[in-house]
file protein-v7.tsv (TSV, N, CA and C atoms)
chain	number	residue	atom	x	y	z
A	26	VAL	N	-4.23	3.68	106.12
A	26	VAL	CA	-5.38	3.69	105.22
A	26	VAL	C	-6.63	4.09	105.99
A	27	GLN	N	-7.33	5.06	105.47
A	27	GLN	CA	-8.63	5.42	106.04
A	27	GLN	C	-9.70	4.82	105.14
A	28	LEU	N	-10.67	4.18	105.76
A	28	LEU	CA	-11.72	3.49	105.02
A	28	LEU	C	-13.08	4.05	105.41
A	29	GLN	N	-13.92	4.24	104.42
A	29	GLN	CA	-15.26	4.76	104.68
A	29	GLN	C	-16.27	3.98	103.86
A	30	ALA	N	-17.05	3.15	104.54
A	30	ALA	CA	-18.12	2.42	103.88
A	30	ALA	C	-19.37	3.28	103.84
A	31	SER	N	-20.16	3.09	102.82
A	31	SER	CA	-21.41	3.81	102.68
A	31	SER	C	-22.40	2.97	101.91
A	32	GLY	N	-23.58	3.51	101.66
A	32	GLY	CA	-24.56	2.82	100.83
A	32	GLY	C	-25.57	1.99	101.57
A	33	GLY	N	-25.45	1.93	102.89
A	33	GLY	CA	-26.42	1.16	103.66
A	33	GLY	C	-27.78	1.81	103.67
A	34	GLY	N	-28.76	1.05	104.12
A	34	GLY	CA	-30.12	1.58	104.20
A	34	GLY	C	-31.11	0.46	104.39
A	35	LEU	N	-32.37	0.81	104.17
A	35	LEU	CA	-33.47	-0.15	104.32
A	35	LEU	C	-33.85	-0.71	102.97
A	36	VAL	N	-33.93	-2.02	102.87
A	36	VAL	CA	-34.30	-2.67	101.62
A	36	VAL	C	-35.24	-3.83	101.92
A	37	GLN	N	-36.13	-4.11	101.01
A	37	GLN	CA	-37.04	-5.23	101.20
A	37	GLN	C	-36.35	-6.54	100.87
A	38	ALA	N	-36.81	-7.59	101.49
A	38	ALA	CA	-36.30	-8.92	101.20
A	38	ALA	C	-36.42	-9.21	99.71
A	39	GLY	N	-35.37	-9.80	99.16
A	39	GLY	CA	-35.34	-10.08	97.73
A	39	GLY	C	-34.69	-8.98	96.92
A	40	GLY	N	-34.47	-7.84	97.55
A	40	GLY	CA	-33.86	-6.71	96.86
A	40	GLY	C	-32.36	-6.78	96.83
A	41	SER	N	-31.77	-5.73	96.27
A	41	SER	CA	-30.31	-5.65	96.12
A	41	SER	C	-29.80	-4.33	96.68
A	42	LEU	N	-28.54	-4.37	97.03
A	42	LEU	CA	-27.88	-3.17	97.53
A	42	LEU	C	-26.41	-3.27	97.18
A	43	ARG	N	-25.79	-2.15	96.88
A	43	ARG	CA	-24.37	-2.11	96.58
A	43	ARG	C	-23.68	-1.17	97.55
A	44	LEU	N	-22.72	-1.69	98.25
A	44	LEU	CA	-21.99	-0.90	99.24
A	44	LEU	C	-20.61	-0.55	98.69
A	45	PRO	N	-20.28	0.72	98.59
A	45	PRO	CA	-18.91	1.10	98.27
A	45	PRO	C	-18.12	1.36	99.55
A	46	CYS	N	-16.83	1.16	99.47
A	46	CYS	CA	-15.93	1.53	100.56
A	46	CYS	C	-14.76	2.27	99.93
A	47	ALA	N	-14.65	3.54	100.25
A	47	ALA	CA	-13.60	4.38	99.71
A	47	ALA	C	-12.39	4.39	100.63
A	48	ALA	N	-11.21	4.28	100.05
A	48	ALA	CA	-9.98	4.26	100.82
A	48	ALA	C	-9.12	5.46	100.48
A	49	SER	N	-8.36	5.90	101.47
A	49	SER	CA	-7.44	7.01	101.25
A	49	SER	C	-6.26	6.84	102.18
A	50	GLY	N	-5.18	7.51	101.86
A	50	GLY	CA	-4.05	7.60	102.76
A	50	GLY	C	-2.83	6.80	102.37
A	51	ARG	N	-3.02	5.63	101.79
A	51	ARG	CA	-1.87	4.82	101.37
A	51	ARG	C	-2.21	4.18	100.03
A	52	THR	N	-1.29	3.43	99.52
A	52	THR	CA	-1.49	2.82	98.22
A	52	THR	C	-2.52	1.71	98.33
A	53	PHE	N	-3.70	2.02	97.87
A	53	PHE	CA	-4.84	1.10	97.98
A	53	PHE	C	-4.54	-0.25	97.35
A	54	SER	N	-3.85	-0.23	96.23
A	54	SER	CA	-3.64	-1.47	95.49
A	54	SER	C	-2.68	-2.42	96.19
A	55	ASN	N	-2.06	-2.00	97.27
A	55	ASN	CA	-1.17	-2.90	98.01
A	55	ASN	C	-1.92	-3.81	98.98
A	56	TYR	N	-3.23	-3.57	99.13
A	56	TYR	CA	-3.98	-4.22	100.20
A	56	TYR	C	-5.01	-5.20	99.70
A	57	VAL	N	-5.11	-6.29	100.42
A	57	VAL	CA	-6.29	-7.15	100.30
A	57	VAL	C	-7.44	-6.43	101.01
A	58	MET	N	-8.58	-6.39	100.37
A	58	MET	CA	-9.74	-5.71	100.93
A	58	MET	C	-10.81	-6.73	101.29
A	59	GLY	N	-11.41	-6.51	102.42
A	59	GLY	CA	-12.43	-7.45	102.88
A	59	GLY	C	-13.67	-6.75	103.39
A	60	TRP	N	-14.75	-7.51	103.44
A	60	TRP	CA	-16.00	-7.06	104.04
A	60	TRP	C	-16.37	-8.01	105.17
A	61	PHE	N	-16.83	-7.43	106.25
A	61	PHE	CA	-17.31	-8.18	107.40
A	61	PHE	C	-18.67	-7.60	107.80
A	62	ARG	N	-19.40	-8.33	108.62
A	62	ARG	CA	-20.66	-7.80	109.10
A	62	ARG	C	-20.90	-8.25	110.53
A	63	GLN	N	-21.69	-7.45	111.22
A	63	GLN	CA	-22.03	-7.76	112.60
A	63	GLN	C	-23.51	-7.51	112.82
A	64	ALA	N	-24.22	-8.59	113.05
A	64	ALA	CA	-25.66	-8.49	113.33
A	64	ALA	C	-25.87	-8.19	114.82
A	65	PRO	N	-27.01	-7.64	115.17
A	65	PRO	CA	-27.29	-7.34	116.58
A	65	PRO	C	-27.11	-8.57	117.47
A	66	GLY	N	-26.32	-8.43	118.52
A	66	GLY	CA	-26.12	-9.51	119.46
A	66	GLY	C	-25.20	-10.62	119.00
A	67	LYS	N	-24.57	-10.43	117.86
A	67	LYS	CA	-23.69	-11.47	117.32
A	67	LYS	C	-22.28	-10.94	117.11
A	68	GLU	N	-21.36	-11.87	116.92
A	68	GLU	CA	-19.99	-11.48	116.67
A	68	GLU	C	-19.82	-11.05	115.21
A	69	ARG	N	-18.79	-10.26	114.99
A	69	ARG	CA	-18.47	-9.85	113.63
A	69	ARG	C	-18.02	-11.07	112.83
A	70	GLU	N	-18.51	-11.16	111.60
A	70	GLU	CA	-18.19	-12.32	110.78
A	70	GLU	C	-17.70	-11.92	109.40
A	71	PHE	N	-16.93	-12.80	108.83
A	71	PHE	CA	-16.37	-12.59	107.49
A	71	PHE	C	-17.46	-12.70	106.44
A	72	VAL	N	-17.42	-11.76	105.49
A	72	VAL	CA	-18.33	-11.80	104.35
A	72	VAL	C	-17.57	-12.22	103.10
A	73	GLY	N	-16.50	-11.52	102.79
A	73	GLY	CA	-15.72	-11.84	101.62
A	73	GLY	C	-14.50	-10.95	101.53
A	74	ALA	N	-13.59	-11.30	100.63
A	74	ALA	CA	-12.36	-10.54	100.45
A	74	ALA	C	-11.89	-10.67	99.01
A	75	ILE	N	-11.06	-9.71	98.60
A	75	ILE	CA	-10.57	-9.67	97.23
A	75	ILE	C	-9.10	-9.28	97.23
A	76	SER	N	-8.33	-9.90	96.37
A	76	SER	CA	-6.90	-9.62	96.29
A	76	SER	C	-6.66	-8.26	95.64
A	77	TRP	N	-5.40	-7.82	95.69
A	77	TRP	CA	-5.06	-6.48	95.21
A	77	TRP	C	-5.36	-6.30	93.72
A	78	ASP	N	-5.23	-7.40	92.97
A	78	ASP	CA	-5.42	-7.31	91.52
A	78	ASP	C	-6.75	-7.89	91.06
A	79	SER	N	-7.64	-8.17	92.01
A	79	SER	CA	-8.96	-8.76	91.71
A	79	SER	C	-8.86	-10.17	91.17
A	80	GLY	N	-7.67	-10.75	91.22
A	80	GLY	CA	-7.49	-12.08	90.66
A	80	GLY	C	-7.98	-13.20	91.55
A	81	SER	N	-8.21	-12.89	92.81
A	81	SER	CA	-8.63	-13.91	93.76
A	81	SER	C	-9.66	-13.34	94.71
A	82	THR	N	-10.69	-14.13	94.96
A	82	THR	CA	-11.72	-13.73	95.92
A	82	THR	C	-12.03	-14.89	96.85
A	83	SER	N	-12.61	-14.55	97.97
A	83	SER	CA	-13.03	-15.56	98.93
A	83	SER	C	-14.33	-15.08	99.55
A	84	TYR	N	-15.25	-16.00	99.79
A	84	TYR	CA	-16.55	-15.64	100.37
A	84	TYR	C	-16.91	-16.60	101.49
A	85	ALA	N	-17.70	-16.11	102.41
A	85	ALA	CA	-18.31	-16.99	103.39
A	85	ALA	C	-19.19	-17.99	102.64
A	86	ASP	N	-19.12	-19.22	103.04
A	86	ASP	CA	-19.84	-20.28	102.32
A	86	ASP	C	-21.34	-19.97	102.20
A	87	SER	N	-21.91	-19.41	103.23
A	87	SER	CA	-23.36	-19.18	103.25
A	87	SER	C	-23.78	-18.04	102.33
A	88	LEU	N	-22.81	-17.26	101.84
A	88	LEU	CA	-23.14	-16.09	101.03
A	88	LEU	C	-22.77	-16.25	99.56
A	89	LYS	N	-22.09	-17.33	99.24
A	89	LYS	CA	-21.68	-17.54	97.84
A	89	LYS	C	-22.90	-17.53	96.92
A	90	GLY	N	-22.75	-16.82	95.82
A	90	GLY	CA	-23.83	-16.76	94.85
A	90	GLY	C	-24.76	-15.58	95.04
A	91	ARG	N	-24.77	-14.99	96.21
A	91	ARG	CA	-25.62	-13.82	96.46
A	91	ARG	C	-24.81	-12.54	96.60
A	92	PHE	N	-23.61	-12.65	97.14
A	92	PHE	CA	-22.77	-11.47	97.37
A	92	PHE	C	-21.56	-11.53	96.44
A	93	THR	N	-21.17	-10.37	95.94
A	93	THR	CA	-20.02	-10.28	95.03
A	93	THR	C	-19.16	-9.08	95.43
A	94	ILE	N	-17.87	-9.32	95.55
A	94	ILE	CA	-16.93	-8.25	95.86
A	94	ILE	C	-16.17	-7.88	94.58
A	95	SER	N	-15.96	-6.59	94.39
A	95	SER	CA	-15.14	-6.10	93.29
A	95	SER	C	-14.38	-4.87	93.78
A	96	ARG	N	-13.40	-4.46	93.02
A	96	ARG	CA	-12.63	-3.29	93.39
A	96	ARG	C	-12.22	-2.52	92.16
A	97	ASP	N	-12.02	-1.23	92.34
A	97	ASP	CA	-11.54	-0.36	91.28
A	97	ASP	C	-10.35	0.40	91.87
A	98	ASN	N	-9.16	-0.06	91.55
A	98	ASN	CA	-7.96	0.55	92.14
A	98	ASN	C	-7.76	1.99	91.68
A	99	ALA	N	-8.25	2.32	90.51
A	99	ALA	CA	-8.13	3.69	90.02
A	99	ALA	C	-8.98	4.65	90.87
A	100	LYS	N	-10.05	4.13	91.44
A	100	LYS	CA	-10.94	4.94	92.28
A	100	LYS	C	-10.73	4.69	93.76
A	101	ASN	N	-9.78	3.83	94.10
A	101	ASN	CA	-9.51	3.49	95.50
A	101	ASN	C	-10.78	3.05	96.23
A	102	THR	N	-11.53	2.21	95.56
A	102	THR	CA	-12.83	1.80	96.10
A	102	THR	C	-13.04	0.30	95.93
A	103	VAL	N	-13.58	-0.30	96.97
A	103	VAL	CA	-14.01	-1.69	96.91
A	103	VAL	C	-15.52	-1.72	97.08
A	104	TYR	N	-16.17	-2.66	96.41
A	104	TYR	CA	-17.62	-2.72	96.40
A	104	TYR	C	-18.10	-4.08	96.92
A	105	LEU	N	-19.27	-4.05	97.55
A	105	LEU	CA	-19.95	-5.27	97.93
A	105	LEU	C	-21.34	-5.22	97.31
A	106	GLN	N	-21.57	-6.07	96.32
A	106	GLN	CA	-22.87	-6.18	95.69
A	106	GLN	C	-23.65	-7.28	96.39
A	107	MET	N	-24.82	-6.93	96.92
A	107	MET	CA	-25.63	-7.89	97.66
A	107	MET	C	-26.96	-8.07	96.95
A	108	ASP	N	-27.24	-9.27	96.54
A	108	ASP	CA	-28.48	-9.61	95.83
A	108	ASP	C	-29.30	-10.60	96.64
A	109	SER	N	-30.57	-10.69	96.28
A	109	SER	CA	-31.49	-11.62	96.95
A	109	SER	C	-31.38	-11.50	98.47
A	110	LEU	N	-31.44	-10.30	98.93
A	110	LEU	CA	-31.24	-10.05	100.36
A	110	LEU	C	-32.32	-10.69	101.21
A	111	LYS	N	-31.91	-11.12	102.39
A	111	LYS	CA	-32.80	-11.78	103.34
A	111	LYS	C	-32.80	-10.99	104.66
A	112	PRO	N	-33.83	-11.12	105.44
A	112	PRO	CA	-33.83	-10.41	106.74
A	112	PRO	C	-32.61	-10.75	107.59
A	113	GLU	N	-32.11	-11.97	107.48
A	113	GLU	CA	-30.93	-12.35	108.27
A	113	GLU	C	-29.64	-11.69	107.80
A	114	ASP	N	-29.70	-10.97	106.69
A	114	ASP	CA	-28.55	-10.19	106.23
A	114	ASP	C	-28.48	-8.83	106.94
A	115	THR	N	-29.48	-8.52	107.74
A	115	THR	CA	-29.47	-7.27	108.50
A	115	THR	C	-28.26	-7.23	109.43
A	116	ALA	N	-27.45	-6.19	109.28
A	116	ALA	CA	-26.21	-6.08	110.06
A	116	ALA	C	-25.55	-4.75	109.74
A	117	VAL	N	-24.55	-4.44	110.54
A	117	VAL	CA	-23.63	-3.36	110.19
A	117	VAL	C	-22.51	-3.98	109.37
A	118	TYR	N	-22.26	-3.41	108.23
A	118	TYR	CA	-21.24	-3.93	107.31
A	118	TYR	C	-19.99	-3.06	107.40
A	119	TYR	N	-18.85	-3.73	107.54
A	119	TYR	CA	-17.56	-3.06	107.68
A	119	TYR	C	-16.62	-3.48	106.56
A	120	CYS	N	-15.83	-2.53	106.07
A	120	CYS	CA	-14.75	-2.90	105.16
A	120	CYS	C	-13.44	-2.88	105.93
A	121	ALA	N	-12.49	-3.66	105.45
A	121	ALA	CA	-11.21	-3.81	106.12
A	121	ALA	C	-10.11	-3.97	105.09
A	122	ALA	N	-8.90	-3.65	105.52
A	122	ALA	CA	-7.75	-3.74	104.62
A	122	ALA	C	-6.58	-4.36	105.36
A	123	ASP	N	-5.89	-5.23	104.67
A	123	ASP	CA	-4.70	-5.84	105.24
A	123	ASP	C	-3.68	-6.08	104.15
A	124	ARG	N	-2.43	-5.77	104.46
A	124	ARG	CA	-1.40	-5.87	103.44
A	124	ARG	C	-0.75	-7.25	103.39
A	125	SER	N	-0.82	-7.97	104.49
A	125	SER	CA	0.00	-9.18	104.60
A	125	SER	C	-0.83	-10.46	104.64
A	126	THR	N	-1.89	-10.49	103.87
A	126	THR	CA	-2.73	-11.68	103.89
A	126	THR	C	-3.19	-12.01	102.48
A	127	THR	N	-4.04	-12.99	102.37
A	127	THR	CA	-4.69	-13.35	101.11
A	127	THR	C	-6.19	-13.35	101.35
A	128	PRO	N	-6.99	-13.32	100.32
A	128	PRO	CA	-8.44	-13.38	100.55
A	128	PRO	C	-8.85	-14.64	101.30
A	129	GLN	N	-8.20	-15.74	101.03
A	129	GLN	CA	-8.55	-16.99	101.69
A	129	GLN	C	-8.15	-16.96	103.16
A	130	ALA	N	-7.02	-16.34	103.46
A	130	ALA	CA	-6.55	-16.27	104.85
A	130	ALA	C	-7.35	-15.25	105.65
A	131	MET	N	-7.84	-14.22	104.99
A	131	MET	CA	-8.57	-13.19	105.73
A	131	MET	C	-9.84	-13.75	106.36
A	132	ARG	N	-10.42	-14.79	105.76
A	132	ARG	CA	-11.66	-15.34	106.30
A	132	ARG	C	-11.46	-15.99	107.66
A	133	VAL	N	-10.23	-16.33	108.01
A	133	VAL	CA	-9.97	-16.97	109.31
A	133	VAL	C	-9.04	-16.14	110.19
A	134	MET	N	-8.75	-14.92	109.78
A	134	MET	CA	-7.86	-14.07	110.57
A	134	MET	C	-8.51	-13.64	111.87
A	135	THR	N	-7.66	-13.49	112.87
A	135	THR	CA	-8.11	-12.84	114.10
A	135	THR	C	-8.40	-11.38	113.77
A	136	LEU	N	-9.58	-10.93	114.09
A	136	LEU	CA	-10.03	-9.61	113.64
A	136	LEU	C	-9.12	-8.49	114.13
A	137	SER	N	-8.59	-8.62	115.32
A	137	SER	CA	-7.73	-7.56	115.87
A	137	SER	C	-6.40	-7.44	115.14
A	138	LEU	N	-6.07	-8.45	114.34
A	138	LEU	CA	-4.80	-8.42	113.61
A	138	LEU	C	-4.94	-7.79	112.22
A	139	ILE	N	-6.13	-7.52	111.79
A	139	ILE	CA	-6.34	-6.88	110.49
A	139	ILE	C	-5.89	-5.43	110.59
A	140	ASP	N	-5.16	-4.98	109.58
A	140	ASP	CA	-4.49	-3.68	109.66
A	140	ASP	C	-5.44	-2.51	109.86
A	141	TYR	N	-6.46	-2.41	109.04
A	141	TYR	CA	-7.33	-1.24	109.07
A	141	TYR	C	-8.79	-1.63	108.96
A	142	TRP	N	-9.59	-0.86	109.66
A	142	TRP	CA	-11.06	-1.02	109.63
A	142	TRP	C	-11.72	0.32	109.34
A	143	GLY	N	-12.81	0.25	108.61
A	143	GLY	CA	-13.61	1.44	108.44
A	143	GLY	C	-14.79	1.42	109.39
A	144	LYS	N	-15.43	2.56	109.51
A	144	LYS	CA	-16.69	2.61	110.24
A	144	LYS	C	-17.74	1.90	109.42
A	145	GLY	N	-18.66	1.27	110.07
A	145	GLY	CA	-19.64	0.46	109.38
A	145	GLY	C	-20.79	1.24	108.79
A	146	THR	N	-21.54	0.56	107.97
A	146	THR	CA	-22.77	1.10	107.41
A	146	THR	C	-23.87	0.08	107.66
A	147	LEU	N	-25.01	0.57	108.12
A	147	LEU	CA	-26.10	-0.32	108.52
A	147	LEU	C	-26.97	-0.71	107.34
A	148	VAL	N	-27.18	-2.00	107.21
A	148	VAL	CA	-28.11	-2.54	106.22
A	148	VAL	C	-29.25	-3.23	106.96
A	149	THR	N	-30.45	-2.82	106.65
A	149	THR	CA	-31.63	-3.42	107.26
A	149	THR	C	-32.50	-4.01	106.16
A	150	VAL	N	-32.78	-5.30	106.28
A	150	VAL	CA	-33.61	-5.98	105.30
A	150	VAL	C	-34.95	-6.31	105.94
A	151	SER	N	-36.00	-5.77	105.38
A	151	SER	CA	-37.33	-6.00	105.94
A	151	SER	C	-38.00	-7.18	105.25
A	152	SER	N	-38.82	-7.89	106.00
A	152	SER	CA	-39.49	-9.07	105.44
A	152	SER	C	-40.80	-8.70	104.79
call {"tool": "encode", "arguments": {"input": "protein-v7.tsv", "output": "structure tokens"}}
result
Amino acid sequence: VQLQASGGGLVQAGGSLRLPCAASGRTFSNYVMGWFRQAPGKEREFVGAISWDSGSTSYADSLKGRFTISRDNAKNTVYLQMDSLKPEDTAVYYCAADRSTTPQAMRVMTLSLIDYWGKGTLVTVSS
């Protein structure tokens, strides 16, 4: 699976941004899709994940209520909707795909064991 995240940019605090991640190469609907982020000087962290059929989602506790993950299997795309953005949300955002996990398990997976990663997209939130 090849993954390409996009949609990053500069946004003011309190604003919203929607990041799409387009997948190609294999059957997209077979994969749990996740979003991670890495802020400057920090480790990559789990943002959220969604099951193949959108029936199950999981989010980092600190982001619940502000971030929403969705997917469109017909378009081979997963989305990250980010609302009420804060300066501390500034990071490079990555999408990931794994066939052998669940959204709940992806939040604690060893990152190197996740099947596929896309190149990140930078989100900068100004105060």
call {"tool": "closest_atom_pairs", "arguments": {"input": "protein-v7.tsv", "of": "stretch 113-148 of chain A", "to": "stretch 79-84 of chain A", "cutoff": "8 Å", "atoms": "all atoms listed in the file", "output": "JSON lines"}}
result
{"residue": "A:Thr127", "atom": "C", "partner": "A:Ser83", "partner_atom": "N", "distance": 7.4}
{"residue": "A:Pro128", "atom": "C", "partner": "A:Ser83", "partner_atom": "CA", "distance": 4.9}
{"residue": "A:Gln129", "atom": "N", "partner": "A:Ser83", "partner_atom": "CA", "distance": 5.3}
{"residue": "A:Ala130", "atom": "N", "partner": "A:Ser83", "partner_atom": "CA", "distance": 7.6}
{"residue": "A:Arg132", "atom": "CA", "partner": "A:Tyr84", "partner_atom": "C", "distance": 7.2}
call {"tool": "select_by_dssp", "arguments": {"input": "protein-v7.tsv", "residues": "chain A", "states": "strand (DSSP E)", "output": "PyMOL selection string"}}
result
chain A and resi 27-30+34-37+42-49+57-63+70-75+82-84+92-97+102-107+116-123+141-142+146-151
call {"tool": "select_by_dssp", "arguments": {"input": "protein-v7.tsv", "residues": "chain A", "states": "helix (DSSP H, G or I)", "output": "PyMOL selection string"}}
result
chain A and resi 53-55+86-88+112-114+128-131+136-138
call {"tool": "residues_near_point", "arguments": {"input": "protein-v7.tsv", "point": "(-2.7, -1.5, 95.9)", "cutoff": "8 Å", "atoms": "only N, CA and C atoms", "output": "list in words"}}
result
Arg51, Thr52, Phe53, Ser54, Asn55, Tyr56, Val57, Ser76, Trp77, Asp78 and Asn98 of chain A
call {"tool": "closest_residue", "arguments": {"input": "protein-v7.tsv", "among": "A:Gly143, A:Gly40, A:Pro112, A:Gly59", "to": "A:Ser95", "atoms": "only C-alpha atoms"}}
result
A:Gly59
call {"tool": "atom_distance", "arguments": {"input": "protein-v7.tsv", "atom1": "atom N of A:Leu138", "atom2": "atom C of A:Ala74"}}
result
16.5 Å
call {"tool": "atom_distance", "arguments": {"input": "protein-v7.tsv", "atom1": "atom N of A:Ser137", "atom2": "atom C of A:Gly34"}}
result
26.6 Å
call {"tool": "closest_residue", "arguments": {"input": "protein-v7.tsv", "among": "A:Leu28, A:Ala116, A:Lys111, A:Leu136", "to": "A:Ala48", "atoms": "all atoms listed in the file"}}
result
A:Leu28
call {"tool": "residues_around", "arguments": {"input": "protein-v7.tsv", "residues": "A:Gly33", "least_positions_apart": "6", "cutoff": "7 Å", "atoms": "only C-alpha atoms", "output": "PyMOL selection string"}}
result
chain A and resi 44+146-148
call {"tool": "decode", "arguments": {"input": "protein-v7.tsv", "residues": "stretch 84-99 of chain A", "atoms": "N, CA, C and O atoms", "output": "PDB file, in the first residue's frame"}}
result
ATOM      1  N   TYR A  84      -9.246   6.809  19.569  1.00  0.00           N
ATOM      2  CA  TYR A  84      -8.568   8.108  19.570  1.00  0.00           C
ATOM      3  C   TYR A  84      -7.673   8.226  20.791  1.00  0.00           C
ATOM      4  O   TYR A  84      -7.942   7.639  21.844  1.00  0.00           O
ATOM      5  N   ALA A  85      -6.642   9.027  20.644  1.00  0.00           N
ATOM      6  CA  ALA A  85      -5.857   9.407  21.805  1.00  0.00           C
ATOM      7  C   ALA A  85      -6.775  10.166  22.765  1.00  0.00           C
ATOM      8  O   ALA A  85      -7.597  10.988  22.326  1.00  0.00           O
ATOM      9  N   ASP A  86      -6.655   9.863  24.027  1.00  0.00           N
ATOM     10  CA  ASP A  86      -7.562  10.447  25.018  1.00  0.00           C
ATOM     11  C   ASP A  86      -7.568  11.977  24.962  1.00  0.00           C
ATOM     12  O   ASP A  86      -8.621  12.607  25.115  1.00  0.00           O
ATOM     13  N   SER A  87      -6.418  12.562  24.741  1.00  0.00           N
ATOM     14  CA  SER A  87      -6.302  14.020  24.774  1.00  0.00           C
ATOM     15  C   SER A  87      -6.949  14.691  23.564  1.00  0.00           C
ATOM     16  O   SER A  87      -7.143  15.904  23.566  1.00  0.00           O
ATOM     17  N   LEU A  88      -7.288  13.899  22.543  1.00  0.00           N
ATOM     18  CA  LEU A  88      -7.811  14.475  21.305  1.00  0.00           C
ATOM     19  C   LEU A  88      -9.293  14.186  21.083  1.00  0.00           C
ATOM     20  O   LEU A  88      -9.885  14.706  20.128  1.00  0.00           O
ATOM     21  N   LYS A  89      -9.863  13.358  21.937  1.00  0.00           N
ATOM     22  CA  LYS A  89     -11.282  13.016  21.775  1.00  0.00           C
ATOM     23  C   LYS A  89     -12.139  14.277  21.794  1.00  0.00           C
ATOM     24  O   LYS A  89     -11.953  15.154  22.621  1.00  0.00           O
ATOM     25  N   GLY A  90     -13.066  14.324  20.852  1.00  0.00           N
ATOM     26  CA  GLY A  90     -13.967  15.463  20.788  1.00  0.00           C
ATOM     27  C   GLY A  90     -13.500  16.563  19.857  1.00  0.00           C
ATOM     28  O   GLY A  90     -14.300  17.380  19.424  1.00  0.00           O
ATOM     29  N   ARG A  91     -12.222  16.588  19.537  1.00  0.00           N
ATOM     30  CA  ARG A  91     -11.701  17.604  18.611  1.00  0.00           C
ATOM     31  C   ARG A  91     -11.310  17.010  17.264  1.00  0.00           C
ATOM     32  O   ARG A  91     -11.423  17.685  16.245  1.00  0.00           O
ATOM     33  N   PHE A  92     -10.849  15.778  17.266  1.00  0.00           N
ATOM     34  CA  PHE A  92     -10.398  15.127  16.037  1.00  0.00           C
ATOM     35  C   PHE A  92     -11.352  13.988  15.682  1.00  0.00           C
ATOM     36  O   PHE A  92     -11.809  13.265  16.570  1.00  0.00           O
ATOM     37  N   THR A  93     -11.606  13.829  14.396  1.00  0.00           N
ATOM     38  CA  THR A  93     -12.502  12.775  13.915  1.00  0.00           C
ATOM     39  C   THR A  93     -11.883  12.105  12.697  1.00  0.00           C
ATOM     40  O   THR A  93     -11.454  12.789  11.759  1.00  0.00           O
ATOM     41  N   ILE A  94     -11.862  10.793  12.719  1.00  0.00           N
ATOM     42  CA  ILE A  94     -11.357  10.019  11.585  1.00  0.00           C
ATOM     43  C   ILE A  94     -12.541   9.420  10.830  1.00  0.00           C
ATOM     44  O   ILE A  94     -13.489   8.915  11.443  1.00  0.00           O
ATOM     45  N   SER A  95     -12.454   9.441   9.517  1.00  0.00           N
ATOM     46  CA  SER A  95     -13.453   8.788   8.669  1.00  0.00           C
ATOM     47  C   SER A  95     -12.729   8.211   7.455  1.00  0.00           C
ATOM     48  O   SER A  95     -11.558   8.515   7.216  1.00  0.00           O
ATOM     49  N   ARG A  96     -13.417   7.368   6.729  1.00  0.00           N
ATOM     50  CA  ARG A  96     -12.822   6.788   5.541  1.00  0.00           C
ATOM     51  C   ARG A  96     -13.873   6.590   4.475  1.00  0.00           C
ATOM     52  O   ARG A  96     -15.065   6.407   4.784  1.00  0.00           O
ATOM     53  N   ASP A  97     -13.425   6.601   3.237  1.00  0.00           N
ATOM     54  CA  ASP A  97     -14.280   6.341   2.092  1.00  0.00           C
ATOM     55  C   ASP A  97     -13.585   5.252   1.276  1.00  0.00           C
ATOM     56  O   ASP A  97     -12.626   5.537   0.535  1.00  0.00           O
ATOM     57  N   ASN A  98     -14.024   4.027   1.439  1.00  0.00           N
ATOM     58  CA  ASN A  98     -13.354   2.914   0.761  1.00  0.00           C
ATOM     59  C   ASN A  98     -13.503   2.990  -0.757  1.00  0.00           C
ATOM     60  O   ASN A  98     -12.650   2.489  -1.487  1.00  0.00           O
ATOM     61  N   ALA A  99     -14.560   3.605  -1.223  1.00  0.00           N
ATOM     62  CA  ALA A  99     -14.740   3.748  -2.670  1.00  0.00           C
ATOM     63  C   ALA A  99     -13.683   4.686  -3.260  1.00  0.00           C
ATOM     64  O   ALA A  99     -13.332   4.559  -4.435  1.00  0.00           O
TER      65      ALA A  99
END
